[in-house]
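S.K.: So here's target.txt, just compact mmCIF, C-alpha atoms:
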# COMPACT_ATOMS: atom_id res chain seq x y z
CA MET A 289 152.15 122.23 80.33
CA SER A 290 151.59 124.80 77.70
CA MET A 291 150.90 123.73 74.20
CA ASP A 292 149.73 126.03 71.53
CA GLU A 293 146.83 125.17 69.27
CA HIS A 294 149.11 124.08 66.50
CA GLU A 295 150.95 121.59 68.70
CA LEU A 296 147.73 120.20 70.14
CA GLY A 297 146.33 119.74 66.66
CA ARG A 298 149.51 118.01 65.55
CA LEU A 299 149.36 115.59 68.47
CA LEU A 300 145.68 114.87 67.89
CA ARG A 301 146.51 113.93 64.32
CA LEU A 302 149.33 111.62 65.39
CA LEU A 303 147.14 108.75 66.49
CA PRO A 304 145.22 107.55 63.48
CA GLU A 305 142.35 105.16 63.97
CA ALA A 306 143.43 101.55 63.59
CA PRO A 307 141.53 99.67 60.87
CA ALA A 308 138.17 98.64 62.31
CA GLY A 309 138.61 95.01 61.26
CA TRP A 310 141.92 94.75 63.10
CA VAL A 311 140.38 96.15 66.25
CA GLN A 312 137.45 93.77 66.05
CA VAL A 313 139.72 90.75 65.63
CA ALA A 314 141.86 91.83 68.59
CA GLN A 315 138.72 92.24 70.69
CA GLU A 316 137.25 88.86 69.79
CA LEU A 317 140.26 86.60 69.36
CA PRO A 318 141.05 85.78 73.00
CA PHE A 319 137.54 84.44 73.50
CA LEU A 320 137.59 82.37 70.33
CA SER A 321 140.94 80.69 70.69
CA ALA A 322 139.47 77.25 71.41
CA GLU A 323 137.15 77.40 68.39
CA LEU A 324 139.88 78.66 66.09
CA SER A 325 142.28 75.97 67.27
CA ASP A 326 139.68 73.30 66.59
CA ILE A 327 139.02 74.65 63.11
CA LEU A 328 142.70 74.93 62.27
CA ASP A 329 143.50 71.48 63.65
CA ARG A 330 140.78 69.99 61.52
CA ALA A 331 141.88 71.97 58.47
CA ARG A 332 145.41 70.65 58.88
CA GLY A 333 144.27 67.06 58.93
CA ASP A 334 141.30 67.10 56.60
CA GLY A 335 141.92 68.19 53.02
CA GLY A 336 138.23 68.20 52.14
CA PHE A 337 137.40 70.50 55.01
CA ARG A 338 140.30 72.75 54.09
CA GLU A 339 139.10 72.94 50.54
CA ALA A 340 135.54 73.67 51.64
CA LEU A 341 136.86 76.49 53.80
CA ARG A 342 138.71 78.00 50.90
CA GLU A 343 135.64 77.83 48.69
CA ASP A 344 133.11 79.12 51.21
CA ALA A 345 134.47 79.62 54.68
CA ASP A 346 131.43 81.34 56.09
CA GLY A 347 128.97 78.75 54.79
CA THR A 348 131.16 75.81 55.77
CA LEU A 349 131.64 77.06 59.30
CA ARG A 350 128.01 77.98 59.76
CA GLU A 351 127.08 74.43 58.82
CA GLN A 352 129.40 73.28 61.58
CA GLY A 353 127.77 75.58 64.10
CA TYR A 354 130.36 78.35 64.14
CA ASP A 355 129.35 81.99 63.85
CA LEU A 356 132.42 84.12 63.26
CA SER A 357 132.47 87.77 62.32
CA PRO A 358 133.82 88.61 58.84
CA SER A 359 136.97 90.11 60.35
CA VAL A 360 137.72 87.03 62.43
CA LEU A 361 136.94 84.85 59.43
CA ALA A 362 139.43 86.80 57.31
CA HIS A 363 142.02 86.41 60.06
CA LEU A 364 141.35 82.69 60.26
CA MET A 365 141.81 82.29 56.53
CA LYS A 366 145.25 83.84 56.82
CA LEU A 367 146.15 81.14 59.32
CA LEU A 368 145.02 78.25 57.17
CA PRO A 369 147.89 75.94 56.29
CA ALA A 370 149.18 76.80 52.86
CA ASP A 371 151.34 73.75 52.44
CA ALA A 372 148.58 71.42 51.38
CA PRO A 373 146.85 73.11 48.47
CA GLY A 374 143.34 72.13 47.57
CA PRO A 375 141.90 72.23 44.06
CA ALA A 376 140.33 75.64 44.67
CA GLU A 377 143.64 77.25 45.54
CA GLY A 378 145.01 79.65 43.02
CA GLN A 379 141.63 80.67 41.65
CA ALA A 380 141.88 84.15 43.06
CA MET B 41 135.09 105.10 65.98
CA ASP B 42 137.39 102.93 68.03
CA VAL B 43 138.04 105.04 71.12
CA PRO B 44 134.93 106.03 72.99
CA LEU B 45 135.05 109.74 73.76
CA ARG B 46 133.86 109.21 77.29
CA PRO B 47 135.90 108.93 80.44
CA ALA B 48 137.94 105.78 80.31
CA ALA B 49 137.90 103.34 83.18
CA ALA B 50 140.87 103.60 85.52
CA PRO B 51 143.57 101.19 84.38
CA THR B 52 143.42 99.24 87.62
CA ASP B 53 139.71 98.63 87.27
CA LEU B 54 139.99 97.77 83.60
CA VAL B 55 142.86 95.35 84.11
CA GLU B 56 141.12 93.65 87.01
CA ARG B 57 137.98 93.12 84.94
CA CYS B 58 140.05 91.78 82.05
CA ARG B 59 141.77 89.35 84.38
CA ARG B 60 138.37 88.07 85.43
CA GLY B 61 137.68 87.31 81.77
CA ASP B 62 135.14 90.08 81.21
CA PRO B 63 134.80 90.39 77.40
CA ASP B 64 133.42 93.93 77.66
CA ALA B 65 136.45 95.02 79.64
CA TRP B 66 138.79 93.49 77.08
CA ARG B 67 136.85 95.18 74.28
CA GLU B 68 137.26 98.47 76.12
CA LEU B 69 140.96 97.94 76.67
CA VAL B 70 141.56 97.19 73.00
CA ALA B 71 139.48 100.21 71.97
CA GLU B 72 141.40 102.41 74.39
CA TYR B 73 144.85 101.38 73.20
CA SER B 74 144.32 100.35 69.58
CA ARG B 75 145.30 103.76 68.18
CA TYR B 76 148.39 103.83 70.34
CA VAL B 77 149.56 100.34 69.38
CA TYR B 78 148.76 101.02 65.73
CA ALA B 79 150.71 104.27 65.80
CA ILE B 80 153.75 102.66 67.43
CA ILE B 81 153.75 99.98 64.75
CA MET B 82 153.08 102.26 61.80
CA ARG B 83 154.67 105.56 62.83
CA GLY B 84 157.20 104.47 65.40
CA TYR B 85 158.63 101.47 63.59
CA ARG B 86 157.18 102.15 60.14
CA LEU B 87 156.32 98.56 59.47
CA PRO B 88 154.63 97.92 56.15
CA GLU B 89 150.87 97.56 56.38
CA SER B 90 151.14 93.96 55.20
CA ASP B 91 153.18 93.05 58.31
CA ALA B 92 151.54 95.48 60.66
CA GLU B 93 148.32 93.58 61.13
CA ASP B 94 150.10 90.43 62.29
CA VAL B 95 152.15 92.43 64.77
CA PHE B 96 149.04 94.31 65.94
CA GLN B 97 147.23 91.02 66.63
CA ASP B 98 150.30 89.50 68.26
CA VAL B 99 150.59 92.48 70.60
CA PHE B 100 147.03 92.24 71.86
CA ALA B 101 147.23 88.44 72.11
CA ARG B 102 150.39 88.79 74.21
CA VAL B 103 148.83 91.50 76.37
CA PHE B 104 145.82 89.28 77.02
CA GLU B 105 147.95 86.24 77.83
CA ARG B 106 150.33 88.11 80.11
CA LEU B 107 147.93 90.41 81.90
CA GLU B 108 148.40 88.31 85.01
CA THR B 109 152.07 89.26 85.08
CA LEU B 110 151.46 93.01 85.15
CA ARG B 111 152.45 94.00 88.67
CA ASP B 112 151.37 97.62 88.65
CA ASP B 113 148.07 98.05 86.87
CA ASP B 114 148.64 101.80 86.65
CA ALA B 115 151.62 101.02 84.42
CA LEU B 116 149.36 99.53 81.75
CA ARG B 117 150.18 102.09 79.09
CA GLY B 118 153.91 101.73 79.49
CA TRP B 119 153.66 97.97 79.56
CA ILE B 120 151.58 97.86 76.38
CA ALA B 121 154.10 100.17 74.74
CA GLN B 122 156.93 97.86 75.78
CA VAL B 123 155.14 94.77 74.50
CA THR B 124 154.55 96.55 71.21
CA ARG B 125 158.17 97.65 70.97
CA ASN B 126 159.37 94.12 71.65
CA MET B 127 157.07 92.69 69.03
CA CYS B 128 158.14 95.27 66.45
CA THR B 129 161.81 94.72 67.19
CA ASP B 130 161.43 90.95 66.97
CA HIS B 131 159.62 91.35 63.70
CA LEU B 132 162.31 93.62 62.28
CA ARG B 133 165.05 91.25 63.42
CA ARG B 134 163.36 88.37 61.67
CA ALA B 135 162.70 90.44 58.57
CA ARG B 136 166.20 91.84 58.44
CA ALA B 137 168.12 88.89 59.79
CA HIS B 138 171.22 90.02 57.97
CA GLU B 139 171.00 93.65 59.07
CA GLU B 140 171.89 95.13 62.43
CA LEU B 141 169.39 97.40 64.13
CA ASN B 142 171.79 100.28 64.52
CA GLU B 143 171.87 103.02 67.13
CA THR B 144 170.45 105.62 64.80
CA THR B 145 167.41 103.50 64.14
CA VAL B 146 166.80 102.97 67.85
CA THR B 147 167.22 106.68 68.67
CA ASP B 148 164.84 107.68 65.92
CA VAL B 149 162.27 105.24 67.23
CA ASP B 150 162.68 106.58 70.78
CA ASP B 151 162.01 110.11 69.58
CA ARG B 152 158.95 109.06 67.64
CA LEU B 153 157.58 107.02 70.53
CA ALA B 154 157.99 109.93 72.95
CA ASP B 155 155.85 111.95 70.56
CA LEU B 156 153.25 109.19 70.51
CA ASP B 157 153.17 109.11 74.32
CA GLU B 158 152.28 112.79 74.28
CA ALA B 159 149.70 112.16 71.61
CA LEU B 160 148.06 109.45 73.72
CA ALA B 161 147.90 111.77 76.72
CA VAL B 162 146.20 114.40 74.56
CA ARG B 163 143.86 111.79 73.13
CA GLN B 164 142.92 110.61 76.63
CA ALA B 165 142.38 114.22 77.72
CA LEU B 166 139.73 114.45 75.01
CA THR B 167 137.56 112.19 77.16
CA ARG B 168 137.64 114.78 79.92
CA VAL B 169 136.44 117.82 77.99
CA PRO B 170 132.73 118.39 77.29
CA PRO B 171 131.42 115.84 74.76
CA GLY B 172 130.59 118.50 72.18
CA CYS B 173 134.16 119.72 72.26
CA ALA B 174 135.60 116.22 72.08
CA GLU B 175 133.45 115.44 69.09
CA ILE B 176 134.32 118.52 67.06
CA LEU B 177 138.05 118.08 67.76
CA ASP B 178 137.91 114.40 66.93
CA ARG B 179 136.10 115.05 63.68
CA PHE B 180 138.40 117.83 62.58
CA PHE B 181 141.82 116.61 63.69
CA CYS B 182 141.51 112.84 63.97
CA ARG B 183 139.03 112.07 61.21
CA ASP B 184 140.15 114.93 59.03
CA GLU B 185 136.59 115.99 58.24
CA PRO B 186 136.13 119.33 56.46
CA TYR B 187 134.07 122.12 58.02
CA ARG B 188 131.14 121.41 55.72
CA THR B 189 130.89 117.78 56.87
CA ILE B 190 131.20 118.72 60.52
CA SER B 191 128.60 121.43 60.08
CA ALA B 192 126.12 119.00 58.52
CA ALA B 193 126.78 116.26 61.07
CA LEU B 194 126.52 118.45 64.15
CA GLY B 195 123.95 120.90 62.85
CA ILE B 196 126.01 123.99 63.49
CA PRO B 197 126.82 126.82 61.04
CA ALA B 198 130.01 126.20 59.07
CA GLY B 199 131.08 129.76 59.77
CA THR B 200 131.35 129.05 63.49
CA ILE B 201 133.39 125.85 63.26
CA ALA B 202 136.80 127.50 63.33
CA SER B 203 136.02 129.52 66.44
CA ARG B 204 134.50 126.47 68.15
CA ILE B 205 137.59 124.44 67.37
CA SER B 206 139.73 127.19 68.80
CA ARG B 207 137.67 127.37 72.00
CA CYS B 208 137.70 123.60 72.33
CA LEU B 209 141.46 123.44 71.89
CA GLU B 210 141.71 125.96 74.69
CA ARG B 211 139.53 123.71 76.89
CA LEU B 212 141.72 120.78 76.01
CA ARG B 213 144.85 122.74 76.76
CA ARG B 214 143.50 123.76 80.18
CA GLU B 215 142.56 120.16 80.85
CA LEU B 216 146.09 119.04 80.09
CA GLU B 217 147.62 121.82 82.17
CA GLY B 218 145.54 120.79 85.13
CA ARG B 219 146.96 117.32 85.20
CA ASP B 220 150.10 116.50 87.09
CA GLY B 221 152.57 114.59 85.04
CA ALA B 222 150.98 115.59 81.77
CA PRO B 223 153.36 115.37 78.85
CA GLY B 224 155.41 118.44 78.27
CA ALA B 225 154.74 119.67 81.78
CA SER B 226 158.28 120.84 82.21
CA GLY B 227 158.55 122.55 78.89
CA GLY B 228 155.79 125.08 79.13
CA THR B 229 155.52 128.74 79.87
Could you render the structure from this file as structure tokens?
M.R.:
Amino acid sequence: MSMDEHELGRLLRLLPEAPAGWVQVAQELPFLSAELSDILDRARGDGGFREALREDADGTLREQGYDLSPSVLAHLMKLLPADAPGPAEGQA
Amino acid sequence: MDVPLRPAAAPTDLVERCRRGDPDAWRELVAEYSRYVYAIIMRGYRLPESDAEDVFQDVFARVFERLETLRDDDALRGWIAQVTRNMCTDHLRRARAHEELNETTVTDVDDRLADLDEALAVRQALTRVPPGCAEILDRFFCRDEPYRTISAALGIPAGTIASRISRCLERLRRELEGRDGAPGASGGT
């Protein structure tokens, strides 16, 4: 193989770093699937819990004994059911 | 930084540890391939950022779930690439249900992915050059840091950065040339 400096530099630039939060979620998610399923199941069936999550996800989950990283928390919030809006929805 | 600039574990070892449920091994695998998967999604298939994260997470979730089915652990890179391609294609089909993925699109993607395969090989070769070289190349090319920033971070005169980069690229080039099956091996002088 013979690449000149220009080509090597071009190839080095071709793989940008993935966003750190994405990487962290991908690293943690497989080991949190049971917890996340529990949280989502409860959120689907319990409007009050769902609302509390939307208002203060971190605090609500800490009270319940969960300790999720901010990236995983953000990912979880994207998975929350949107079809049963709570009073806090639409504020932001 | 996501990819540690130290020698990566052999794929067979890494996959075996992941299969045993070792979180550190999985962390390492994701770190090792996150740039590659991200580049396939963003540069190969040009998915919008808003969709890309979901596909990125789906790829790694699928890889984790299906690791047991990987028959040749040395084929990890190719398998991850294929999983990513499948996920991107599925996503595009859903997003463009009324459009055909035509031949031109597929050929363009193939060309771009071949480029990314070469880029990954170069990236992995960075772990095999002296750490000082890997760091200066990573900072300049991958993180796009200017000479002044690199100079301050590494404590070396700004006036010597260009020549160091040149020497380190030469080390990297020799490292790549020394590997059988390195990308572009048949196209060189």
S.K.: Can you write out as a tab-separated table which residues of chain A fall within 9 Å of chain B, alongside each residue's closest atom pair and its distance in Å to one decimal, counting all atoms listed in the file and ordering rows by chain and ascending residue number?
M.R.:
residue	atom	partner	partner_atom	distance
A:Met289	CA	B:Ala225	CA	3.9
A:Ser290	CA	B:Gly228	CA	4.4
A:Met291	CA	B:Arg213	CA	6.6
A:Asp292	CA	B:Arg213	CA	7.9
A:Glu293	CA	B:Leu209	CA	6.2
A:Leu296	CA	B:Leu209	CA	7.3
A:Gly297	CA	B:Phe181	CA	6.2
A:Arg298	CA	B:Phe181	CA	8.0
A:Leu299	CA	B:Ala159	CA	4.7
A:Leu300	CA	B:Phe181	CA	6.0
A:Arg301	CA	B:Cys182	CA	5.1
A:Leu302	CA	B:Ala159	CA	6.3
A:Leu303	CA	B:Arg75	CA	5.6
A:Pro304	CA	B:Arg75	CA	6.0
A:Glu305	CA	B:Arg75	CA	5.3
A:Ala306	CA	B:Arg75	CA	5.4
A:Pro307	CA	B:Tyr78	CA	8.8
A:Ala308	CA	B:Asp42	CA	7.2
A:Trp310	CA	B:Glu93	CA	6.8
A:Val311	CA	B:Ser74	CA	6.7
A:Gln312	CA	B:Arg67	CA	8.4
A:Val313	CA	B:Gln97	CA	7.6
A:Ala314	CA	B:Gln97	CA	5.8
A:Gln315	CA	B:Arg67	CA	5.0
A:Glu316	CA	B:Arg67	CA	7.8
A:Leu317	CA	B:Ala101	CA	7.7
A:Pro318	CA	B:Ala101	CA	6.8
A:Phe319	CA	B:Pro63	CA	7.6
S.K.: Let me see the file: selected residues, C-alpha atoms, as a tab-separated table (two decimals), in the coordinates of the input.
M.R.:
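Produced file out_22.tsv, reproduced below:
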chain	number	residue	atom	x	y	z
A	289	MET	CA	152.15	122.23	80.33
A	290	SER	CA	151.59	124.80	77.70
A	291	MET	CA	150.90	123.73	74.20
A	292	ASP	CA	149.73	126.03	71.53
A	293	GLU	CA	146.83	125.17	69.27
A	296	LEU	CA	147.73	120.20	70.14
A	297	GLY	CA	146.33	119.74	66.66
A	298	ARG	CA	149.51	118.01	65.55
A	299	LEU	CA	149.36	115.59	68.47
A	300	LEU	CA	145.68	114.87	67.89
A	301	ARG	CA	146.51	113.93	64.32
A	302	LEU	CA	149.33	111.62	65.39
A	303	LEU	CA	147.14	108.75	66.49
A	304	PRO	CA	145.22	107.55	63.48
A	305	GLU	CA	142.35	105.16	63.97
A	306	ALA	CA	143.43	101.55	63.59
A	307	PRO	CA	141.53	99.67	60.87
A	308	ALA	CA	138.17	98.64	62.31
A	310	TRP	CA	141.92	94.75	63.10
A	311	VAL	CA	140.38	96.15	66.25
A	312	GLN	CA	137.45	93.77	66.05
A	313	VAL	CA	139.72	90.75	65.63
A	314	ALA	CA	141.86	91.83	68.59
A	315	GLN	CA	138.72	92.24	70.69
A	316	GLU	CA	137.25	88.86	69.79
A	317	LEU	CA	140.26	86.60	69.36
A	318	PRO	CA	141.05	85.78	73.00
A	319	PHE	CA	137.54	84.44	73.50
S.K.: Pick out the closest residue to Ala345 of chain A from this set: A:Leu361, A:Leu328, A:Leu368, A:Leu320. Count only C-alpha atoms.
M.R.: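 Ranking A:Leu361, A:Leu328, A:Leu368, A:Leu320 by distance to Ala345 of chain A, first place goes to A:Leu361.
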S.K.: Skip Arg111 of chain B itself and residues of its chain fewer than 6 positions away, then list as a list in words all residues within 12 Å of it, counting all atoms listed in the file.
M.R.: Thr52, Val55, Glu56 and Trp119 of chain B
S.K.: Quick one, how far is atom CA of Ser359 of chain A from atom CA of Ala340 of chain A?
M.R.: 18.7 Å
S.K.: How many Å separate atom CA of Phe337 of chain A from atom CA of Glu351 of chain A?
M.R.: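 Value for the atom CA of Phe337 of chain A-atom CA of Glu351 of chain A distance: 11.7 Å.
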S.K.: Atom CA of Arg59 of chain B and atom CA of Glu108 of chain B are how many Å apart?
M.R.: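 Atom CA of Glu108 of chain B lies at a distance of 6.7 Å from atom CA of Arg59 of chain B.
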S.K.: Between A:His294, A:Arg350, A:Arg330, A:Arg342, which residue has the minimum interatomic distance to Lys366 of chain A, considering all atoms listed in the file?
M.R.: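 Checking each of A:His294, A:Arg350, A:Arg330, A:Arg342 against Lys366 of chain A, counting all atoms listed in the file, the winner is A:Arg342.
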S.K.: Ranking A:Arg332, A:Leu324, A:Ala362, A:Pro369 by minimum distance to Asp344 of chain A and counting all atoms listed in the file, which one comes first?
M.R.: A:Ala362
S.K.: Complete the atoms of segment 298-315 of chain A to N, CA and C atoms and put them out as a PDB file, in the coordinates of the input.
M.R.:
ATOM      1  N   ARG A 298     148.540 118.979  66.097  1.00  0.00           N
ATOM      2  CA  ARG A 298     149.510 118.010  65.550  1.00  0.00           C
ATOM      3  C   ARG A 298     149.445 116.694  66.336  1.00  0.00           C
ATOM      4  N   LEU A 299     149.382 116.806  67.652  1.00  0.00           N
ATOM      5  CA  LEU A 299     149.360 115.590  68.470  1.00  0.00           C
ATOM      6  C   LEU A 299     148.051 114.817  68.287  1.00  0.00           C
ATOM      7  N   LEU A 300     146.957 115.555  68.125  1.00  0.00           N
ATOM      8  CA  LEU A 300     145.680 114.870  67.890  1.00  0.00           C
ATOM      9  C   LEU A 300     145.709 114.073  66.589  1.00  0.00           C
ATOM     10  N   ARG A 301     146.447 114.611  65.622  1.00  0.00           N
ATOM     11  CA  ARG A 301     146.510 113.930  64.320  1.00  0.00           C
ATOM     12  C   ARG A 301     147.458 112.731  64.345  1.00  0.00           C
ATOM     13  N   LEU A 302     148.282 112.657  65.379  1.00  0.00           N
ATOM     14  CA  LEU A 302     149.330 111.620  65.390  1.00  0.00           C
ATOM     15  C   LEU A 302     148.827 110.214  65.629  1.00  0.00           C
ATOM     16  N   LEU A 303     147.642 110.090  66.203  1.00  0.00           N
ATOM     17  CA  LEU A 303     147.140 108.750  66.490  1.00  0.00           C
ATOM     18  C   LEU A 303     145.988 108.415  65.553  1.00  0.00           C
ATOM     19  N   PRO A 304     146.298 107.890  64.402  1.00  0.00           N
ATOM     20  CA  PRO A 304     145.220 107.550  63.480  1.00  0.00           C
ATOM     21  C   PRO A 304     144.434 106.362  64.009  1.00  0.00           C
ATOM     22  N   GLU A 305     143.187 106.288  63.572  1.00  0.00           N
ATOM     23  CA  GLU A 305     142.350 105.160  63.970  1.00  0.00           C
ATOM     24  C   GLU A 305     142.917 103.879  63.360  1.00  0.00           C
ATOM     25  N   ALA A 306     143.006 102.842  64.149  1.00  0.00           N
ATOM     26  CA  ALA A 306     143.430 101.550  63.590  1.00  0.00           C
ATOM     27  C   ALA A 306     142.288 101.011  62.735  1.00  0.00           C
ATOM     28  N   PRO A 307     142.608 100.231  61.706  1.00  0.00           N
ATOM     29  CA  PRO A 307     141.530  99.670  60.870  1.00  0.00           C
ATOM     30  C   PRO A 307     140.503  98.932  61.737  1.00  0.00           C
ATOM     31  N   ALA A 308     139.234  99.187  61.453  1.00  0.00           N
ATOM     32  CA  ALA A 308     138.170  98.640  62.310  1.00  0.00           C
ATOM     33  C   ALA A 308     138.229  97.114  62.389  1.00  0.00           C
ATOM     34  N   GLY A 309     138.553  96.476  61.266  1.00  0.00           N
ATOM     35  CA  GLY A 309     138.610  95.010  61.260  1.00  0.00           C
ATOM     36  C   GLY A 309     139.705  94.485  62.180  1.00  0.00           C
ATOM     37  N   TRP A 310     140.820  95.169  62.220  1.00  0.00           N
ATOM     38  CA  TRP A 310     141.920  94.750  63.100  1.00  0.00           C
ATOM     39  C   TRP A 310     141.485  94.828  64.556  1.00  0.00           C
ATOM     40  N   VAL A 311     140.814  95.938  64.866  1.00  0.00           N
ATOM     41  CA  VAL A 311     140.380  96.150  66.250  1.00  0.00           C
ATOM     42  C   VAL A 311     139.380  95.062  66.644  1.00  0.00           C
ATOM     43  N   GLN A 312     138.470  94.781  65.738  1.00  0.00           N
ATOM     44  CA  GLN A 312     137.450  93.770  66.050  1.00  0.00           C
ATOM     45  C   GLN A 312     138.090  92.404  66.295  1.00  0.00           C
ATOM     46  N   VAL A 313     139.039  92.047  65.453  1.00  0.00           N
ATOM     47  CA  VAL A 313     139.720  90.750  65.630  1.00  0.00           C
ATOM     48  C   VAL A 313     140.428  90.725  66.986  1.00  0.00           C
ATOM     49  N   ALA A 314     141.134  91.787  67.306  1.00  0.00           N
ATOM     50  CA  ALA A 314     141.860  91.830  68.590  1.00  0.00           C
ATOM     51  C   ALA A 314     140.885  91.723  69.763  1.00  0.00           C
ATOM     52  N   GLN A 315     139.695  92.288  69.598  1.00  0.00           N
ATOM     53  CA  GLN A 315     138.720  92.240  70.690  1.00  0.00           C
ATOM     54  C   GLN A 315     138.112  90.846  70.842  1.00  0.00           C
TER      55      GLN A 315
END
